[in-house]
Structure formats: C-alpha cells, structure tokens
>>> print(open('start04.txt').read())   # compact mmCIF, C-alpha atoms
# COMPACT_ATOMS: atom_id res chain seq x y z
CA MET A 193 -1.84 -26.51 -15.33
CA LYS A 194 -4.24 -27.21 -12.48
CA LYS A 195 -1.71 -25.70 -10.15
CA ILE A 196 -1.48 -22.54 -12.24
CA LEU A 197 -5.25 -22.17 -12.41
CA PHE A 198 -5.53 -22.69 -8.70
CA GLY A 199 -2.75 -20.19 -8.12
CA LEU A 200 -4.49 -17.64 -10.33
CA PHE A 201 -7.77 -18.13 -8.54
CA PHE A 202 -6.10 -17.89 -5.19
CA SER A 203 -4.06 -14.80 -5.99
CA SER A 204 -7.03 -12.88 -7.39
CA PHE A 205 -9.04 -13.83 -4.33
CA SER A 206 -6.33 -12.77 -1.93
CA PHE A 207 -5.86 -9.49 -3.79
CA ALA A 208 -9.43 -8.33 -3.17
CA ASP A 209 -9.15 -9.57 0.39
CA GLU A 210 -5.90 -7.69 0.77
CA MET A 211 -7.38 -4.35 -0.23
CA GLY A 212 -10.11 -4.86 2.34
CA SER A 213 -7.56 -5.82 4.95
CA LEU A 214 -5.35 -2.78 4.25
CA LEU A 215 -8.32 -0.43 4.31
CA PHE A 216 -9.78 -1.99 7.45
CA HIS A 217 -6.53 -1.92 9.39
CA GLY A 218 -5.63 1.51 8.04
CA ASN A 219 -8.89 3.16 9.03
CA CYS A 220 -11.12 1.29 11.46
CA VAL A 221 -9.00 -0.27 14.19
CA THR A 222 -8.01 3.08 15.67
CA CYS A 223 -11.41 3.04 17.41
CA HIS A 224 -12.80 -0.44 16.75
CA TYR A 225 -10.36 -2.92 18.21
CA GLU A 226 -10.82 -6.40 16.86
CA LEU A 227 -11.56 -8.15 20.13
CA GLN A 228 -11.89 -5.50 22.82
CA GLU A 229 -14.46 -2.82 23.45
CA LYS A 230 -12.76 0.51 24.10
CA SER A 231 -14.05 3.82 22.75
CA ALA A 232 -16.28 1.93 20.31
CA PRO A 233 -17.69 -1.60 20.08
CA ALA A 234 -15.23 -4.39 19.27
CA MET A 235 -15.22 -5.65 15.70
CA ILE A 236 -16.27 -9.18 16.69
CA GLU A 237 -19.37 -7.72 18.33
CA VAL A 238 -20.27 -5.57 15.30
CA ARG A 239 -19.76 -8.54 13.02
CA LYS A 240 -21.88 -10.83 15.22
CA ARG A 241 -24.80 -8.40 15.28
CA TYR A 242 -24.66 -7.72 11.59
CA LEU A 243 -24.44 -11.41 10.78
CA GLN A 244 -27.55 -12.00 12.89
CA ALA A 245 -29.42 -9.23 11.14
CA PHE A 246 -28.00 -9.82 7.64
CA PRO A 247 -26.82 -13.37 7.07
CA LYS A 248 -26.43 -12.79 3.34
CA LYS A 249 -23.17 -11.08 2.33
CA GLU A 250 -24.92 -8.78 -0.11
CA ASP A 251 -27.28 -7.37 2.55
CA PHE A 252 -24.55 -7.25 5.17
CA VAL A 253 -22.26 -5.18 2.91
CA LYS A 254 -25.05 -2.90 1.73
CA TYR A 255 -26.43 -2.03 5.16
CA LEU A 256 -23.08 -1.66 6.92
CA SER A 257 -21.55 0.50 4.20
CA GLU A 258 -24.63 2.69 3.91
CA TRP A 259 -24.91 3.14 7.65
CA VAL A 260 -21.25 4.13 8.08
CA HIS A 261 -21.55 6.44 5.09
CA LYS A 262 -24.32 8.28 6.93
CA PRO A 263 -24.57 7.09 10.53
CA SER A 264 -28.01 7.54 12.08
CA GLU A 265 -29.28 6.57 15.48
CA GLU A 266 -32.67 5.78 14.04
CA HIS A 267 -31.41 3.15 11.63
CA SER A 268 -28.82 1.57 13.91
CA ILE A 269 -29.04 -2.11 14.76
CA MET A 270 -26.83 -1.53 17.82
CA GLN A 271 -28.83 0.80 20.05
CA ASP A 272 -27.02 -0.35 23.20
CA ALA A 273 -23.66 0.65 21.69
CA ILE A 274 -25.03 4.09 20.83
CA GLU A 275 -26.23 4.51 24.39
CA LYS A 276 -22.75 3.72 25.61
CA HIS A 277 -20.54 5.50 23.07
CA GLY A 278 -22.82 7.84 21.13
CA VAL A 279 -23.41 7.64 17.37
CA MET A 280 -20.37 7.00 15.23
CA PRO A 281 -19.17 10.24 13.62
CA GLN A 282 -19.65 10.70 9.90
CA LEU A 283 -16.17 10.22 8.46
CA ALA A 284 -16.72 10.99 4.78
CA TYR A 285 -15.38 7.75 3.41
CA GLU A 286 -16.27 6.82 -0.13
CA LYS A 287 -19.04 4.26 -0.52
CA ASP A 288 -16.71 2.09 -2.55
CA VAL A 289 -14.13 1.97 0.22
CA LEU A 290 -16.81 1.20 2.80
CA LYS A 291 -18.16 -1.68 0.71
CA GLU A 292 -14.70 -3.15 0.43
CA ILE A 293 -14.21 -2.91 4.19
CA ALA A 294 -17.67 -4.35 4.92
CA ALA A 295 -16.93 -7.34 2.67
CA TYR A 296 -13.66 -7.90 4.52
CA ILE A 297 -15.46 -7.82 7.89
CA TYR A 298 -18.07 -10.28 6.61
CA GLU A 299 -15.38 -12.71 5.48
CA THR A 300 -13.04 -12.41 8.47
CA ASP A 301 -13.29 -14.40 11.65
CA PHE A 302 -11.40 -12.09 13.98
CA THR A 303 -11.04 -14.74 16.65
CA LYS A 304 -8.78 -16.80 14.40
CA ILE A 305 -5.42 -15.86 12.92
CA HIS A 306 -6.23 -13.96 9.76
CA ASN A 307 -4.72 -11.80 7.09
CA GLY A 308 -3.38 -8.62 8.62
CA PHE A 309 -3.72 -9.92 12.15
CA ASN A 310 -1.81 -7.98 14.75
CA SER A 311 -1.81 -7.21 18.42
CA HIS A 312 -5.30 -5.70 18.57
CA MET B 70 49.60 -19.62 -22.77
CA GLY B 71 50.40 -17.90 -19.49
CA ASN B 72 48.99 -14.69 -20.90
CA ILE B 73 45.69 -16.29 -21.78
CA ILE B 74 45.30 -17.71 -18.28
CA LEU B 75 46.12 -14.35 -16.78
CA LEU B 76 43.65 -12.66 -19.08
CA ALA B 77 40.92 -15.17 -18.24
CA LEU B 78 41.64 -14.69 -14.56
CA LEU B 79 41.46 -10.93 -14.92
CA GLY B 80 38.21 -11.29 -16.82
CA ALA B 81 36.77 -13.43 -14.05
CA VAL B 82 37.79 -10.90 -11.41
CA PHE B 83 36.16 -8.06 -13.36
CA TYR B 84 33.06 -10.16 -13.84
CA TYR B 85 32.68 -10.79 -10.11
CA VAL B 86 33.44 -7.22 -9.15
CA PHE B 87 30.86 -6.01 -11.64
CA LYS B 88 28.33 -8.60 -10.57
CA SER B 89 28.62 -7.89 -6.86
CA TYR B 90 28.47 -4.20 -7.58
CA SER B 91 25.31 -4.52 -9.65
CA LYS B 92 23.84 -6.59 -6.85
CA TYR B 93 23.99 -3.53 -4.68
CA GLU B 94 22.45 -1.26 -7.24
CA LYS B 95 19.45 -3.45 -7.97
CA TYR B 96 17.30 -5.90 -6.11
CA SER B 97 17.07 -9.31 -7.67
CA LYS B 98 15.95 -12.80 -6.81
CA GLU B 99 19.55 -13.87 -6.98
CA ALA B 100 20.68 -11.35 -4.38
CA PHE B 101 18.14 -12.74 -1.91
CA LYS B 102 18.43 -16.43 -2.72
CA ASP B 103 20.07 -17.24 0.63
CA PHE B 104 17.84 -14.95 2.67
CA THR B 105 16.09 -16.75 5.52
CA ILE B 106 12.52 -15.53 5.73
CA SER B 107 11.48 -14.61 9.23
CA HIS B 108 9.65 -11.71 10.78
CA ASP B 109 12.78 -10.40 12.50
CA ALA B 110 15.11 -10.82 9.54
CA LEU B 111 12.66 -9.06 7.22
CA LYS B 112 12.04 -6.26 9.67
CA ARG B 113 15.77 -5.58 9.92
CA SER B 114 16.37 -5.80 6.18
CA GLU B 115 16.39 -2.58 4.19
CA LEU B 116 13.21 -3.46 2.33
CA GLY B 117 11.49 -4.27 5.62
CA LEU B 118 12.65 -0.95 7.08
CA PHE B 119 11.37 0.76 3.97
CA VAL B 120 7.94 -0.90 4.35
CA SER B 121 7.82 0.38 7.95
CA LEU B 122 8.46 3.93 6.77
CA CYS B 123 5.82 3.62 4.04
CA ALA B 124 3.33 2.57 6.72
CA LYS B 125 4.02 5.71 8.71
CA VAL B 126 3.74 7.99 5.70
CA ALA B 127 0.52 6.32 4.49
CA LYS B 128 -1.13 6.59 7.89
CA ALA B 129 0.19 10.06 8.74
CA ASP B 130 -3.03 11.87 7.83
CA GLY B 131 -5.06 9.46 9.97
CA ARG B 132 -6.51 7.40 7.17
CA VAL B 133 -5.48 5.10 4.35
CA ASP B 134 -7.48 5.91 1.22
CA ALA B 135 -8.30 3.65 -1.71
CA LEU B 136 -5.41 4.62 -3.99
CA GLU B 137 -2.92 4.43 -1.13
CA ALA B 138 -4.16 0.93 -0.35
CA GLU B 139 -3.80 -0.05 -4.05
CA LEU B 140 -0.26 1.29 -4.14
CA ILE B 141 0.72 -0.39 -0.89
CA SER B 142 -0.79 -3.69 -1.96
CA ASN B 143 1.22 -3.48 -5.19
CA MET B 144 4.36 -2.48 -3.32
CA LEU B 145 4.14 -5.46 -0.97
CA LYS B 146 3.75 -7.72 -3.99
CA ASP B 147 6.71 -6.15 -5.81
CA ILE B 148 9.00 -6.46 -2.80
CA SER B 149 7.92 -10.02 -1.96
CA SER B 150 8.64 -11.14 -5.50
CA VAL B 151 12.42 -10.84 -5.02
CA PHE B 152 12.40 -13.07 -1.93
CA PRO B 153 12.50 -16.88 -2.02
CA GLU B 154 9.04 -17.51 -0.50
CA ALA B 155 6.93 -14.74 -1.97
CA GLN B 156 3.62 -15.47 -0.27
CA LYS B 157 5.14 -15.97 3.16
CA THR B 158 7.21 -12.82 2.72
CA LYS B 159 4.15 -10.83 1.75
CA ASP B 160 2.20 -11.96 4.79
CA ILE B 161 5.06 -10.97 7.08
CA LEU B 162 5.52 -7.61 5.33
CA LYS B 163 1.84 -6.92 5.78
CA ASP B 164 2.16 -7.66 9.50
CA ILE B 165 5.12 -5.29 9.67
CA PHE B 166 3.08 -2.65 7.87
CA ASN B 167 0.19 -3.01 10.32
CA GLU B 168 2.45 -3.00 13.37
CA GLU B 169 4.33 0.08 12.26
CA LYS B 170 1.61 2.29 10.85
CA ASP B 171 0.42 3.67 14.19
CA ARG B 172 3.82 3.97 15.82
CA THR B 173 5.34 7.42 15.69
CA ASP B 174 7.95 6.89 18.40
CA ASN B 175 10.44 5.02 16.22
CA ILE B 176 10.40 6.96 12.92
CA GLU B 177 13.88 8.39 13.43
CA HIS B 178 15.29 5.08 14.56
CA ILE B 179 13.98 3.22 11.50
CA ALA B 180 15.00 5.96 9.06
CA HIS B 181 18.48 5.95 10.54
CA ALA B 182 18.68 2.16 10.25
CA LEU B 183 17.59 2.37 6.61
CA SER B 184 20.21 4.97 5.87
CA GLN B 185 22.88 2.74 7.47
CA ALA B 186 21.68 -0.30 5.53
CA THR B 187 21.80 1.56 2.22
CA LYS B 188 24.85 3.75 2.78
CA ARG B 189 26.72 2.03 -0.07
CA SER B 190 24.34 3.55 -2.60
CA LYS B 191 23.17 7.14 -2.62
CA ALA B 192 21.11 6.34 -5.70
CA MET B 193 19.13 3.78 -3.76
CA GLN B 194 18.49 6.21 -0.90
CA HIS B 195 17.33 8.71 -3.46
CA GLN B 196 14.83 6.22 -4.94
CA PHE B 197 13.48 5.35 -1.50
CA MET B 198 13.00 9.00 -0.62
CA GLN B 199 11.33 9.68 -3.94
CA PHE B 200 8.98 6.78 -3.38
CA LEU B 201 8.02 7.98 0.11
CA ILE B 202 7.32 11.49 -1.18
CA GLN B 203 5.29 10.04 -4.03
CA LEU B 204 3.24 8.03 -1.53
CA ALA B 205 2.48 11.18 0.47
CA PHE B 206 1.23 12.85 -2.71
CA ALA B 207 -0.90 9.85 -3.74
CA ASP B 208 -4.11 11.22 -2.24
CA GLY B 209 -3.68 14.53 -4.08
CA GLU B 210 -2.03 16.74 -1.50
CA VAL B 211 0.47 16.48 1.30
CA THR B 212 -0.96 17.26 4.73
CA LYS B 213 1.04 18.94 7.49
CA SER B 214 1.40 15.65 9.38
CA GLU B 215 2.63 13.85 6.26
CA GLU B 216 5.16 16.59 5.59
CA LYS B 217 6.35 16.43 9.19
CA ILE B 218 6.98 12.69 9.00
CA LEU B 219 8.78 13.04 5.65
CA THR B 220 11.02 15.72 7.16
CA ILE B 221 11.85 13.56 10.17
CA ILE B 222 12.74 10.68 7.83
CA ALA B 223 14.87 12.86 5.55
CA GLU B 224 16.77 14.33 8.48
CA ALA B 225 17.37 10.99 10.18
CA MET B 226 18.62 9.60 6.86
CA GLN B 227 20.88 12.63 6.50
CA PHE B 228 19.34 13.15 3.12
CA ASP B 229 20.61 16.23 1.30
CA PRO B 230 18.04 18.99 2.09
CA THR B 231 18.39 20.59 -1.34
CA ALA B 232 17.76 17.28 -3.07
CA TYR B 233 14.76 16.68 -0.81
CA HIS B 234 13.18 20.03 -1.62
CA THR B 235 13.84 19.57 -5.31
CA ILE B 236 11.99 16.23 -5.33
CA PHE B 237 9.18 17.67 -3.23
CA GLU B 238 8.68 20.68 -5.49
CA GLN B 239 8.77 18.53 -8.62
CA PHE B 240 5.93 16.39 -7.29
CA GLU B 241 4.01 19.47 -6.22
CA LYS B 242 4.22 20.90 -9.71
CA MET B 243 3.32 17.57 -11.28
CA MET B 244 0.20 17.21 -9.17
CA GLN B 245 -0.95 20.70 -10.10
CA ASN B 246 -0.56 19.89 -13.77
CA ALA B 247 -2.31 16.55 -13.37
CA SER B 248 -5.65 18.21 -12.58
CA PRO B 249 -8.47 16.59 -14.56
CA LYS B 250 -8.65 17.78 -18.12
CA GLN B 251 -10.11 14.73 -19.73
CA SER B 252 -13.68 14.23 -20.84
CA ILE B 253 -15.73 11.26 -19.70
CA GLU B 254 -15.18 9.65 -23.11
CA ASP B 255 -11.42 9.99 -22.61
CA ALA B 256 -11.78 8.42 -19.17
CA TYR B 257 -13.48 5.32 -20.60
CA LYS B 258 -10.90 5.14 -23.35
CA LEU B 259 -8.00 5.45 -20.93
CA LEU B 260 -9.28 2.52 -18.89
CA GLY B 261 -9.98 0.54 -22.05
CA VAL B 262 -13.64 -0.03 -21.16
CA SER B 263 -16.96 0.97 -22.72
CA GLN B 264 -19.87 2.97 -21.34
CA GLN B 265 -21.93 -0.23 -21.31
CA ASP B 266 -19.56 -2.12 -19.00
CA ASP B 267 -20.62 -2.58 -15.39
CA MET B 268 -18.67 -1.19 -12.42
CA THR B 269 -17.11 -4.57 -11.58
CA THR B 270 -15.55 -4.79 -15.03
CA ILE B 271 -14.38 -1.20 -14.86
CA LYS B 272 -12.86 -1.69 -11.43
CA LYS B 273 -11.00 -4.75 -12.65
CA ALA B 274 -9.63 -2.81 -15.62
CA TYR B 275 -8.63 0.05 -13.32
CA ARG B 276 -6.78 -2.24 -10.92
CA LYS B 277 -5.01 -4.01 -13.73
CA LEU B 278 -3.77 -0.69 -15.14
CA VAL B 279 -2.60 0.56 -11.75
CA ARG B 280 -0.78 -2.74 -11.31
CA GLN B 281 0.86 -2.26 -14.70
CA TYR B 282 1.92 1.37 -14.35
CA HIS B 283 2.33 2.12 -10.62
CA PRO B 284 5.70 3.23 -9.27
CA ASP B 285 7.50 -0.06 -8.58
CA ILE B 286 10.27 0.34 -6.02
CA ILE B 287 12.05 -2.80 -7.22
CA LYS B 288 11.96 -1.84 -10.89
CA SER B 289 12.99 1.74 -10.05
CA GLN B 290 16.43 0.61 -8.88
CA GLY B 291 19.12 1.51 -11.35
CA LYS B 292 16.68 3.54 -13.43
CA SER B 293 16.83 7.27 -13.97
CA ASP B 294 15.20 9.83 -11.72
CA ASP B 295 12.29 10.14 -14.08
CA TYR B 296 11.02 6.62 -13.61
CA ILE B 297 8.99 7.18 -10.41
CA LYS B 298 7.76 10.54 -11.66
CA GLU B 299 6.43 9.11 -14.91
CA ALA B 300 4.85 6.19 -13.11
CA THR B 301 3.24 8.60 -10.64
CA VAL B 302 1.73 10.75 -13.40
CA LYS B 303 0.42 7.69 -15.21
CA THR B 304 -1.10 6.30 -12.00
CA GLN B 305 -2.76 9.64 -11.26
CA GLU B 306 -4.25 9.74 -14.75
CA ILE B 307 -5.64 6.23 -14.36
CA ASN B 308 -7.02 7.08 -10.94
CA GLN B 309 -8.62 10.31 -12.13
CA ALA B 310 -10.29 8.53 -15.03
CA TYR B 311 -11.69 5.96 -12.63
CA GLU B 312 -12.88 8.61 -10.17
CA MET B 313 -14.54 10.51 -12.99
CA ILE B 314 -16.48 7.44 -14.14
CA LYS B 315 -17.49 6.60 -10.58
CA LYS B 316 -18.75 10.14 -10.04
CA ALA B 317 -20.64 10.21 -13.32
CA ARG B 318 -22.43 7.02 -12.37
CA GLY B 319 -23.27 8.33 -8.91
>>> encode(input="start04.txt", output="structure tokens")
Amino acid sequence: MKKILFGLFFSSFSFADEMGSLLFHGNCVTCHYELQEKSAPAMIEVRKRYLQAFPKKEDFVKYLSEWVHKPSEEHSIMQDAIEKHGVMPQLAYEKDVLKEIAAYIYETDFTKIHNGFNSH
Amino acid sequence: MGNIILLALLGAVFYYVFKSYSKYEKYSKEAFKDFTISHDALKRSELGLFVSLCAKVAKADGRVDALEAELISNMLKDISSVFPEAQKTKDILKDIFNEEKDRTDNIEHIAHALSQATKRSKAMQHQFMQFLIQLAFADGEVTKSEEKILTIIAEAMQFDPTAYHTIFEQFEKMMQNASPKQSIEDAYKLLGVSQQDDMTTIKKAYRKLVRQYHPDIIKSQGKSDDYIKEATVKTQEINQAYEMIKKARG
C-alpha cells in the first residue's frame, strides 16, 4: 500500500514536471541554451539571477512569467544581458504556459542530469 | 484417437498463427516482454521512430503549445506502458523526443525506416499517419511548415496520396465544425467542475479528462478509422471548454 501511495505521489509529481519540461525544451532552448550563452543568456545564468532576486518559488514564477509575457527593459533584473543581446522579443505565450515553464526552471538544476536533459 | 491428436495439433497451429498475427496488429505488453530497453534499441524500434516523427511535427511551427505538450506527455506514457520498464522507457523516449524535435535533416530517413518496420501492416501505417495529422491539427490549424513536414513523411513512407488527402480533409472539416458553440455553463459542466472551484482544481479536472479521452496510439491499433477522429473531437471539446473558462476568468 505504501508503495502504491508513493508511486501515486511520484507519478503526479513527475507529470507536472513533465509538462514543464516538454514546454521548456519545446520553446525556450532554441535561444536559451542550458549552459552556454549564445544569442541569449544561458538558462543557468537566468536561473541564478532570478533565484537571487526571488528565492521563494511563488515570487520567482510570478515575476519571470509576467516579465516574459511582456518583456520590458525597465523591469528587467538582467540589465547587462539586455545591453548585450537587446530585450527579449514578446512571443505571445499564454501566461499559464509561462508559469509552468517558470516553475520547471525554478525546480531544475541544469548542471546536473535532469528530466529532458540533452546535448544543450 | 489419431484424429483427436491431429485435430488438437491443428488447433494449436491455428492458435499460434492467430496469436502471432494479432501480435502484429496490436501492441501489447506480451509482444514486448523480451525487449531490451536501451536508447539505441528504442530509437530503432517502430514506436521510437514514431516518437521521433511526432517531435518533428510538434515542433514544426517553431513552438510546442500547451495542448500539444499534454498530448505528447500522454503519448509517451501510453507507449511506455507496453514496455517492460515503463519509467525507464519513458525517460528514454523523452530524450529521443528532445533530440529529434529540432532536426529536419533526417525526416525522410526516419519516415522510411518506420515504413520498413511496419510494412507488414498497412492498417498500422494508416493509424500512425492519422495520429501525426491529428497532432498537426491539435493547435487549431495546420501551418505551412507543419504541412510540409507531413508531406515529406507521407512521401517517404510511400503512403497512398489519396488516403493522405482524405484523412487531411476529414480533420480539416472536423476542426471547422468544432468551433466553440458552448456557453460558459456548458464548459463548466463538460469539465465536471463548478463556478466556485479554483483554477488548480479546474486544471486538474481538465488534465484528467484529456488523459481519459485523448487519441491513444496504442489503443488505436486494431480499431476502426473513427477511433482517432472521435478522440480528437472529444479532446478539442475538452480543451475549448478549458480555454473558455480561463478566458472568462482573465
């Protein structure tokens, strides 16, 4: 019974995580590589900065999703990245999708092997 | 006495012929019980090849939207469930999906390999093609880039062009008819939730319903042509109800 309960807990957890992973890898990594800075800051850098500014998951998800929903130079916490690459274009993603992705970024240590890890 | 033995023997032969035949028409746990799970073996298997093609179709328009991600997540779960180590299989399939989604140089190669791997059953090829077309329609309309990839796949699989266009047109018609006609009350009713429920509850109900009614590539095997179409319509209805509620709540 314990095993079943644990399994249920685990599978529901991994399901939410999986949606975030699919959405993140399907949409973000084209520009934001996980570990390398190319045409946009690397994901580990974005995550680090956001974690410094918003240690609580709730705040992290809210700010990141709202900023990407409507990117503005004024409200950016990464001015140096804007200087280098310009402001991120507005991509018309749904808030819901952005929240899911932000939660995935908050939870994922990109330096370790993680769900959906690939060559990036 | 001799007759009975002969009859029993004949029965056994028929049983095995039938059984091995049905193995090819449907995917089952039994058919995969000796399958060794590895990245390479899965990638070469027909279901692995199919996942690769789904990745290309899903990413063709440059983004993977929420419903596409739901459907893919469900698909990976459905496929993994017939393999011996479901969780391990799913993790590998997800890696394959991520590796393949941005590659456009090997579409023909993979489609050809899938057609070779499934050449014993035209019905199976038909279901795969239907599923891929359905996936392209999931976000409402098929973009030029999605259509291009579907055409490359169909040609490399030597899929009958008339059959391809028939499927395509059927989905096109279905999507036009599936335009929202429900009221907000109907939307709540369809998801089995009340106006007082919070968004987390509603989202859970939505996901559960998609899980229940989505086009399942494993279940579709051996079923009639209508299966994927009905599942697609149902999924669209559920999705539209959810979108409507989300919009109404701002």
>>> interface_residues(input="start04.txt", of="chain B", to="chain A", cutoff="8 Å", atoms="only C-alpha atoms", output="PyMOL selection string")
chain B and resi 128+131-135+138-139+142+160+163-164+167-168+170
>>> atom_distance(input="start04.txt", atom1="CA of Ala273 (chain A)", atom2="CA of Glu226 (chain A)")
15.4 Å
>>> residues_around(input="start04.txt", residues="Leu183 (chain B)", least_positions_apart="2", cutoff="10 Å", atoms="all atoms listed in the file", output="list in words")
Arg113, Ser114, Glu115, Leu116, Gly117, Leu118, Phe119, Leu122, Glu177, His178, Ile179, Ala180, His181, Gln185, Ala186, Thr187, Lys188, Gln194, Phe197, Ile222, Ala225 and Met226 of chain B
>>> closest_residue(input="start04.txt", among="A:Ile269, A:Ala294, A:Val279, A:Ile236", to="His224 (chain A)", atoms="only C-alpha atoms")
A:Ile236
>>> atom_distance(input="start04.txt", atom1="CA of Asp174 (chain B)", atom2="CA of Val211 (chain B)")
21.0 Å
>>> closest_residue(input="start04.txt", among="B:Asp229, B:Glu241, B:Asp103, B:Glu254", to="Val151 (chain B)", atoms="all atoms listed in the file")
B:Asp103
>>> residues_around(input="start04.txt", residues="Ala129 (chain B)", least_positions_apart="3", cutoff="12 Å", atoms="only C-alpha atoms", output="PyMOL selection string")
(chain A and resi 218-219) or (chain B and resi 122-126+132-134+137+169-173+176+201+204-206+208+211-219)
>>> write_last_selection(input="start04.txt", atoms="C-alpha atoms", output="mmCIF file, in the coordinates of the input")
data_model
loop_
_atom_site.group_PDB
_atom_site.id
_atom_site.type_symbol
_atom_site.label_atom_id
_atom_site.label_comp_id
_atom_site.auth_asym_id
_atom_site.auth_seq_id
_atom_site.Cartn_x
_atom_site.Cartn_y
_atom_site.Cartn_z
ATOM 1 C CA GLY A 218 -5.630 1.510 8.040
ATOM 2 C CA ASN A 219 -8.890 3.160 9.030
ATOM 3 C CA LEU B 122 8.460 3.930 6.770
ATOM 4 C CA CYS B 123 5.820 3.620 4.040
ATOM 5 C CA ALA B 124 3.330 2.570 6.720
ATOM 6 C CA LYS B 125 4.020 5.710 8.710
ATOM 7 C CA VAL B 126 3.740 7.990 5.700
ATOM 8 C CA ARG B 132 -6.510 7.400 7.170
ATOM 9 C CA VAL B 133 -5.480 5.100 4.350
ATOM 10 C CA ASP B 134 -7.480 5.910 1.220
ATOM 11 C CA GLU B 137 -2.920 4.430 -1.130
ATOM 12 C CA GLU B 169 4.330 0.080 12.260
ATOM 13 C CA LYS B 170 1.610 2.290 10.850
ATOM 14 C CA ASP B 171 0.420 3.670 14.190
ATOM 15 C CA ARG B 172 3.820 3.970 15.820
ATOM 16 C CA THR B 173 5.340 7.420 15.690
ATOM 17 C CA ILE B 176 10.400 6.960 12.920
ATOM 18 C CA LEU B 201 8.020 7.980 0.110
ATOM 19 C CA LEU B 204 3.240 8.030 -1.530
ATOM 20 C CA ALA B 205 2.480 11.180 0.470
ATOM 21 C CA PHE B 206 1.230 12.850 -2.710
ATOM 22 C CA ASP B 208 -4.110 11.220 -2.240
ATOM 23 C CA VAL B 211 0.470 16.480 1.300
ATOM 24 C CA THR B 212 -0.960 17.260 4.730
ATOM 25 C CA LYS B 213 1.040 18.940 7.490
ATOM 26 C CA SER B 214 1.400 15.650 9.380
ATOM 27 C CA GLU B 215 2.630 13.850 6.260
ATOM 28 C CA GLU B 216 5.160 16.590 5.590
ATOM 29 C CA LYS B 217 6.350 16.430 9.190
ATOM 30 C CA ILE B 218 6.980 12.690 9.000
ATOM 31 C CA LEU B 219 8.780 13.040 5.650
#
>>> atom_distance(input="start04.txt", atom1="CA of Tyr242 (chain A)", atom2="CA of Ile297 (chain A)")
9.9 Å
>>> closest_residue(input="start04.txt", among="B:Tyr96, B:Ala110, B:Ile297, B:Ser252", to="Met198 (chain B)", atoms="all atoms listed in the file")
B:Ile297
